[in-house]
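Peer 1: The structure's right below; bear with me while I get my questions together.
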Amino acid sequence: MEAQHVETEVILTNPTGLHARPASLLVQTAAKFKSNITLEKEGRSVSAKSIMGVLSLGADKGSRIKISVEGEDAEEALKALLDLIHDNFGEVES
Amino acid sequence: MTLKGIPGAPGIGIGTAQVLKKELDIPRFAVEDSKEELDRFYKALDQSKQQVSQLLERASKNGNKDVADIMQAHLMMLDDPEFLAKVKESIENEKLNAEFAVWSVGQEYIQFFEQMTDEYLKARAADLKDITERIIRNLTGTLLDLSQLPQNTVLVARDLAPSDTAQIDREHVVGLVTDEGGPTSHVAIMARSFQIPAVVGTKNATGEIKNGDLLVVDGNEGIVEVNPAEDSLKNYEQKQLQWKKEQSDLGELITVPSVTKDGAQVKLEANIGRPEEVEIALKFGAEGVGLFRTEFLFMDRNTLPSEEEQFEAYKKALEGMRGQVVTIRTLDIGGDKDLPYLGLQRENNPFLGWRAIRYCLDRRDVLKTQLRAILRASVYGKAAVMFPMISSVEEVVKAKEVLEEAKAELREEGQPFDEHVKVGIMVEIPSAAVAADLLAPEVDFFSIGTNDLTQYTLAVDRDNEKVREYYNPLHPAVLRLIKRVIDVGNAFGKEVAMCGELAGDDKATEILLGLGLQVFSMTPSSIPRVKKVVLSTNNEEAQAIAKKAAALA
């Protein structure tokens with residue numbers, strides 16, 4: 001299969017940002033795909049499959065994140081991550 | 001060989017020594033074959049994962065969600081591809097040995113997280129420290145899992161932190177020996193509540209004792225026998241049997257009401273340091289918790305505990321006591337503890353310094369968070385709030401102001417709480433005892449803290465062995481202060497309790513009853529022993545004895 005490259009920017013809207021549970025969920029989701037997935041915030045980029053990397057972004061509610069995906073299942077991976085983010089990681093606004 | 005120490009927890013334990021070396025050694029050496037070194041690393045990584053999985057499984061099984069969540073996070077970190085790639089790179093390219101590679105990569109992350117302003121992320125540094133230490137200890141073969149010690153183990157350590165003692169398997173550990181600590185140190189208190197015989201303050205047990213030595217821990221006398229001769233061992237086995245029989249005799253008193261011979265009701269409550277200990281308290285027949293120390297929430301971490309975390313802990317204790325009072329003492333911490341994140345600094349005179357309520361009145365945010373958590377938990381049982389280190393009326397007034405602010409906030413937010421939570425103070429500074437009549441109108445109850453009251457009254461540091469002989473809670477001056485507090489309490493119709501060590505000392509029970517004390521709060525395991533004295537005491541006789549002891553006769 002042909003390697004694809006897709007990227008997009010999102011703003012986090014869930015209450016806790018990329019903390020604790022949302023960070024774990026994101027990493028677990030990213031790990032299901034073969035593609036290389038990177039997250040970039042304010043010029044710093046980390047692997048989305050690395051919990052330490054994701055946490056170290058310190059991304060909170062309102063943060064702008066660039067997601068870049070490269071690999072054979074890139075489209076699919078990006079969709080899964082965006083679903084998670086748009087769904088506010090299943091968090092309830094309190 | 002015989003080592004002398006201080007009795008930490010009563011009883012006699014006989015078992016095999018396991019010496020706990022806490023210092024982490026990180027060897028550094030040149031690596032020839034980096035492939036071999038990588039294999040070492042992966043093997044240690046696998047071991048670490050297995051251990052954490054087991055801890056996770058056990059925590060889930062025991063319904064310990066906090067620990068389970070942490071273990072889950074540790075597992076993810078052990079699987080982190082970025083972290084693993086960096087370690088691999090260090091081993092392959094820089095020819096570092098696995099221990100040093102893990103340590104230096106770990107440090108990079110740790111420093112990064114420690115700099116963050118977000119409290120949650122800051123706290124992740126501790127997780128990273130934990131997992132890198134685990135991998136390194138697996139590499140060097142120095143990992144000791146306190147929850148998986150073999151049967152009949154006597155644990156020998158320099159000191160044990162609350163996080164260590166919490167892991168101890170109470171079925172397998174038959175004795176504790178530490179270099180440091182005194183009768184009121186954390187290890188001693190925990191050992192007494194776990195009923196594990198302990199000798200503390202031996203100075204150099206970790207140097208003198210080797211793994212596998214046969215040890216007799218005599219927690220009654222404060223003696224440790226190392227590889228004793230056969231007749232001495234026989235003698236101790238005899239003593240141990242006798243001790244166990246005595247314990248089971250006392251066990252029969254647990255369900256007996258505590259009433260003096262002439263019919264005066266006496267309330268025996270428990271001191272606890274963690275919510276789980278309410279079970280132990282009930283097991284020994286406690287009629288409430290007279291002192292719930294909350295310091296455990298603040299120890300062994302890098303950030304303040306959240307309101308939610310505190311709420312859960314208080315709720316657990318309150319639910320566990322099923323409607324009996326739980327007296328929650330607000331943060332009692334000071335310059336003798338090393339907690340940099342609280343902004344505490346080493347002081348020349350920590351016991352006369354910026355501690356307990358003094359700290360909390362300067363850091364009202366810390367106090368208010370705690371009070372909000374206590375108030376929110378108060379709907380799950382019968383909660384009382386107790387302020388420590390009160391020296392005059394002003395502090396009580398200010399602390400109650402913060403309490404009222406917390407209540408007002410909760411009302412505003414529509415959060416339920418018990419409007420009638422009782423508010424009391426520790427009487428542990430002589431000025432509070434002398435001026436108890438000025439304080440009484442401001443509070444619902446007094447609780448006498450005899451450890452500090454004694455040390456402040458007699459100007460003796462109880463942990464300084466050179467002057468330990470001067471530390472005497474039965475000194476007439478101390479007894480007169482205690483009597484004053486009780487008399488004032490009675491005159492104002494306010495309950496007077498005692499939660500210091502003296503309350504659990506059965507040699508003092510008769511005197512305290514004679515002084516008029518009706519509420520005793522102590523280490524749970526002391527309750528049956530004190531009850532035994534209560535049952536055989538006649539109040540009138542006790543009064544005469546107390547008068548004599550206080551030199552008032």
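By order in the structure tokens, chains are A, B, ...; within a chain, residues start at 1; ligands start at 1, following the order shown.
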Please find the residues of chain A near chain B - the criterion being any atom within 10 Å, counting only C-alpha atoms - and write them as a list in words.

Peer 2: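 Contact residues on the first chain: His19, Ala20, Arg21, Ser24, Val27, Gln28, Ala31, Val46, Ser47, Ala48, Lys49, Ser50, Ile51, Met52, Gly53, Leu55, Ser56, Leu57, Gly58 and Asp60 of chain A.
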
Peer 1: Using N, CA and C atoms, can you write the selected residues to a file as a PDB file, in the first residue's frame?

Peer 2:
ATOM      1  N   HIS A  19      -4.239  15.523  29.450  1.00  0.00           N
ATOM      2  CA  HIS A  19      -3.807  15.108  30.773  1.00  0.00           C
ATOM      3  C   HIS A  19      -4.211  13.670  30.997  1.00  0.00           C
ATOM      4  N   ALA A  20      -3.730  13.137  32.092  1.00  0.00           N
ATOM      5  CA  ALA A  20      -4.152  11.841  32.606  1.00  0.00           C
ATOM      6  C   ALA A  20      -4.877  10.952  31.594  1.00  0.00           C
ATOM      7  N   ARG A  21      -6.189  10.808  31.765  1.00  0.00           N
ATOM      8  CA  ARG A  21      -6.947   9.853  30.980  1.00  0.00           C
ATOM      9  C   ARG A  21      -6.960  10.212  29.488  1.00  0.00           C
ATOM     10  N   SER A  24      -3.723   9.175  27.932  1.00  0.00           N
ATOM     11  CA  SER A  24      -3.602   7.718  27.775  1.00  0.00           C
ATOM     12  C   SER A  24      -4.456   7.240  26.608  1.00  0.00           C
ATOM     13  N   VAL A  27      -2.790   8.068  23.325  1.00  0.00           N
ATOM     14  CA  VAL A  27      -1.637   7.210  23.057  1.00  0.00           C
ATOM     15  C   VAL A  27      -2.099   5.804  22.676  1.00  0.00           C
ATOM     16  N   GLN A  28      -3.095   5.298  23.413  1.00  0.00           N
ATOM     17  CA  GLN A  28      -3.598   3.947  23.111  1.00  0.00           C
ATOM     18  C   GLN A  28      -4.195   3.889  21.706  1.00  0.00           C
ATOM     19  N   ALA A  31      -1.400   4.038  19.087  1.00  0.00           N
ATOM     20  CA  ALA A  31      -0.594   2.812  19.051  1.00  0.00           C
ATOM     21  C   ALA A  31      -1.227   1.728  18.180  1.00  0.00           C
ATOM     22  N   VAL A  46       6.266  15.833  19.197  1.00  0.00           N
ATOM     23  CA  VAL A  46       6.508  14.578  19.918  1.00  0.00           C
ATOM     24  C   VAL A  46       5.744  13.465  19.226  1.00  0.00           C
ATOM     25  N   SER A  47       6.135  12.235  19.526  1.00  0.00           N
ATOM     26  CA  SER A  47       5.413  11.090  18.987  1.00  0.00           C
ATOM     27  C   SER A  47       4.102  10.917  19.750  1.00  0.00           C
ATOM     28  N   ALA A  48       3.012  10.708  19.010  1.00  0.00           N
ATOM     29  CA  ALA A  48       1.711  10.514  19.658  1.00  0.00           C
ATOM     30  C   ALA A  48       1.621   9.150  20.320  1.00  0.00           C
ATOM     31  N   LYS A  49       2.615   8.289  20.058  1.00  0.00           N
ATOM     32  CA  LYS A  49       2.595   6.963  20.681  1.00  0.00           C
ATOM     33  C   LYS A  49       3.375   6.949  21.993  1.00  0.00           C
ATOM     34  N   SER A  50       3.947   8.092  22.354  1.00  0.00           N
ATOM     35  CA  SER A  50       4.747   8.180  23.577  1.00  0.00           C
ATOM     36  C   SER A  50       3.976   8.940  24.653  1.00  0.00           C
ATOM     37  N   ILE A  51       3.628   8.230  25.730  1.00  0.00           N
ATOM     38  CA  ILE A  51       2.858   8.888  26.800  1.00  0.00           C
ATOM     39  C   ILE A  51       3.655  10.043  27.399  1.00  0.00           C
ATOM     40  N   MET A  52       4.967   9.814  27.564  1.00  0.00           N
ATOM     41  CA  MET A  52       5.784  10.880  28.158  1.00  0.00           C
ATOM     42  C   MET A  52       5.855  12.081  27.232  1.00  0.00           C
ATOM     43  N   GLY A  53       5.965  11.795  25.918  1.00  0.00           N
ATOM     44  CA  GLY A  53       6.002  12.874  24.944  1.00  0.00           C
ATOM     45  C   GLY A  53       4.701  13.662  24.958  1.00  0.00           C
ATOM     46  N   LEU A  55       2.375  13.874  27.273  1.00  0.00           N
ATOM     47  CA  LEU A  55       2.199  14.639  28.519  1.00  0.00           C
ATOM     48  C   LEU A  55       3.104  15.865  28.525  1.00  0.00           C
ATOM     49  N   SER A  56       4.327  15.690  27.981  1.00  0.00           N
ATOM     50  CA  SER A  56       5.304  16.771  28.075  1.00  0.00           C
ATOM     51  C   SER A  56       4.911  17.982  27.232  1.00  0.00           C
ATOM     52  N   LEU A  57       3.912  17.829  26.348  1.00  0.00           N
ATOM     53  CA  LEU A  57       3.439  18.992  25.600  1.00  0.00           C
ATOM     54  C   LEU A  57       2.735  19.981  26.529  1.00  0.00           C
ATOM     55  N   GLY A  58       2.234  19.457  27.644  1.00  0.00           N
ATOM     56  CA  GLY A  58       1.517  20.319  28.590  1.00  0.00           C
ATOM     57  C   GLY A  58       0.330  21.007  27.924  1.00  0.00           C
ATOM     58  N   ASP A  60      -3.252  22.111  27.372  1.00  0.00           N
ATOM     59  CA  ASP A  60      -4.501  22.179  28.136  1.00  0.00           C
ATOM     60  C   ASP A  60      -5.635  22.658  27.237  1.00  0.00           C
TER      61      ASP A  60
END

Peer 1: Please identify which residues in region 269-340 of chain B DSSP calls alpha helix (DSSP H) from the backbone, and express them as a list of chain:residue names.

Peer 2: B:Val278, B:Glu279, B:Ile280, B:Ala281, B:Leu282, B:Lys283, B:Glu307, B:Glu308, B:Glu309, B:Gln310, B:Phe311, B:Glu312, B:Ala313, B:Tyr314, B:Lys315, B:Lys316, B:Ala317, B:Leu318, B:Glu319, B:Gly320

Peer 1: Keeping only N, CA and C atoms, write the selected residues as a compact mmCIF listing (two decimals), in the first residue's frame.

Peer 2:
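Saved the output as result-v3.txt:
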# COMPACT_ATOMS: atom_id res chain seq x y z
N VAL B 278 -9.22 2.58 59.89
CA VAL B 278 -10.47 2.52 60.65
C VAL B 278 -10.87 1.07 60.91
N GLU B 279 -10.51 0.20 59.98
CA GLU B 279 -10.82 -1.22 60.19
C GLU B 279 -10.12 -1.75 61.43
N ILE B 280 -8.83 -1.38 61.56
CA ILE B 280 -8.07 -1.81 62.73
C ILE B 280 -8.70 -1.21 63.98
N ALA B 281 -9.09 0.07 63.88
CA ALA B 281 -9.69 0.76 65.02
C ALA B 281 -10.93 0.00 65.50
N LEU B 282 -11.79 -0.38 64.56
CA LEU B 282 -13.03 -1.07 64.94
C LEU B 282 -12.72 -2.46 65.50
N LYS B 283 -11.70 -3.08 64.91
CA LYS B 283 -11.32 -4.42 65.37
C LYS B 283 -10.95 -4.41 66.85
N GLU B 307 -8.35 18.82 46.36
CA GLU B 307 -9.53 18.74 47.24
C GLU B 307 -10.21 17.38 47.07
N GLU B 308 -10.28 16.93 45.81
CA GLU B 308 -10.95 15.67 45.50
C GLU B 308 -10.27 14.49 46.19
N GLU B 309 -8.93 14.49 46.10
CA GLU B 309 -8.16 13.40 46.69
C GLU B 309 -8.38 13.38 48.21
N GLN B 310 -8.37 14.55 48.81
CA GLN B 310 -8.57 14.63 50.26
C GLN B 310 -10.00 14.20 50.61
N PHE B 311 -10.95 14.69 49.84
CA PHE B 311 -12.35 14.35 50.07
C PHE B 311 -12.53 12.83 50.10
N GLU B 312 -11.93 12.15 49.10
CA GLU B 312 -12.06 10.69 49.03
C GLU B 312 -11.52 10.02 50.29
N ALA B 313 -10.37 10.51 50.78
CA ALA B 313 -9.74 9.90 51.96
C ALA B 313 -10.62 10.11 53.20
N TYR B 314 -11.13 11.33 53.38
CA TYR B 314 -11.95 11.61 54.56
C TYR B 314 -13.27 10.84 54.50
N LYS B 315 -13.82 10.79 53.28
CA LYS B 315 -15.08 10.08 53.09
C LYS B 315 -14.90 8.60 53.48
N LYS B 316 -13.78 8.04 53.02
CA LYS B 316 -13.52 6.63 53.29
C LYS B 316 -13.47 6.36 54.80
N ALA B 317 -12.77 7.24 55.53
CA ALA B 317 -12.66 7.06 56.98
C ALA B 317 -14.03 7.22 57.64
N LEU B 318 -14.78 8.24 57.22
CA LEU B 318 -16.09 8.49 57.82
C LEU B 318 -17.05 7.35 57.56
N GLU B 319 -17.08 6.86 56.32
CA GLU B 319 -17.97 5.74 56.01
C GLU B 319 -17.56 4.51 56.81
N GLY B 320 -16.24 4.31 56.90
CA GLY B 320 -15.71 3.15 57.61
C GLY B 320 -16.12 3.13 59.08

Peer 1: At what distance in Å, to one decimal, does CA of Gly11 (chain B) lie from CA of Asp218 (chain B)?

Peer 2: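 Between CA of Asp218 (chain B) and CA of Gly11 (chain B) the gap is 6.3 Å.
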
Peer 1: For Ile429 (chain B), which of B:Phe351, B:Glu465, B:Gln51, B:Asp365 is the closest residue, counting only C-alpha atoms?

Peer 2: B:Phe351

Peer 1: Can you pull out every residue from region 441-497 of chain B that DSSP, working from the backbone, puts in strand (DSSP E or B), and format the result as JSON, numbers by chain?

Peer 2: {"B": [445, 446, 447, 448, 495, 496, 497]}

Peer 1: Please indicate the distance in Å from CA of Phe387 (chain B) to CA of Ile425 (chain B), rounded to one decimal place.

Peer 2: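 Result for CA of Phe387 (chain B) versus CA of Ile425 (chain B): 4.7 Å, one decimal.
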
Peer 1: Residues near Phe33 (chain A), anyone? I mean within 12 Å using only C-alpha atoms, not counting same-chain ones fewer than 5 positions away, as a VMD selection string.

Peer 2: chain A and resid 26 to 28 48 to 49 69 to 81

Peer 1: Give me, please, the distance in Å between CA of Asn451 (chain B) and CA of Leu371 (chain B), quoted to one decimal.

Peer 2: 25.1 Å

Peer 1: Write out as a VMD selection string which residues come within 7 Å of Met389 (chain B) when counting only C-alpha atoms, dropping same-chain ones fewer than 4 positions away.

Peer 2: chain B and resid 356 to 357 426 428 to 429
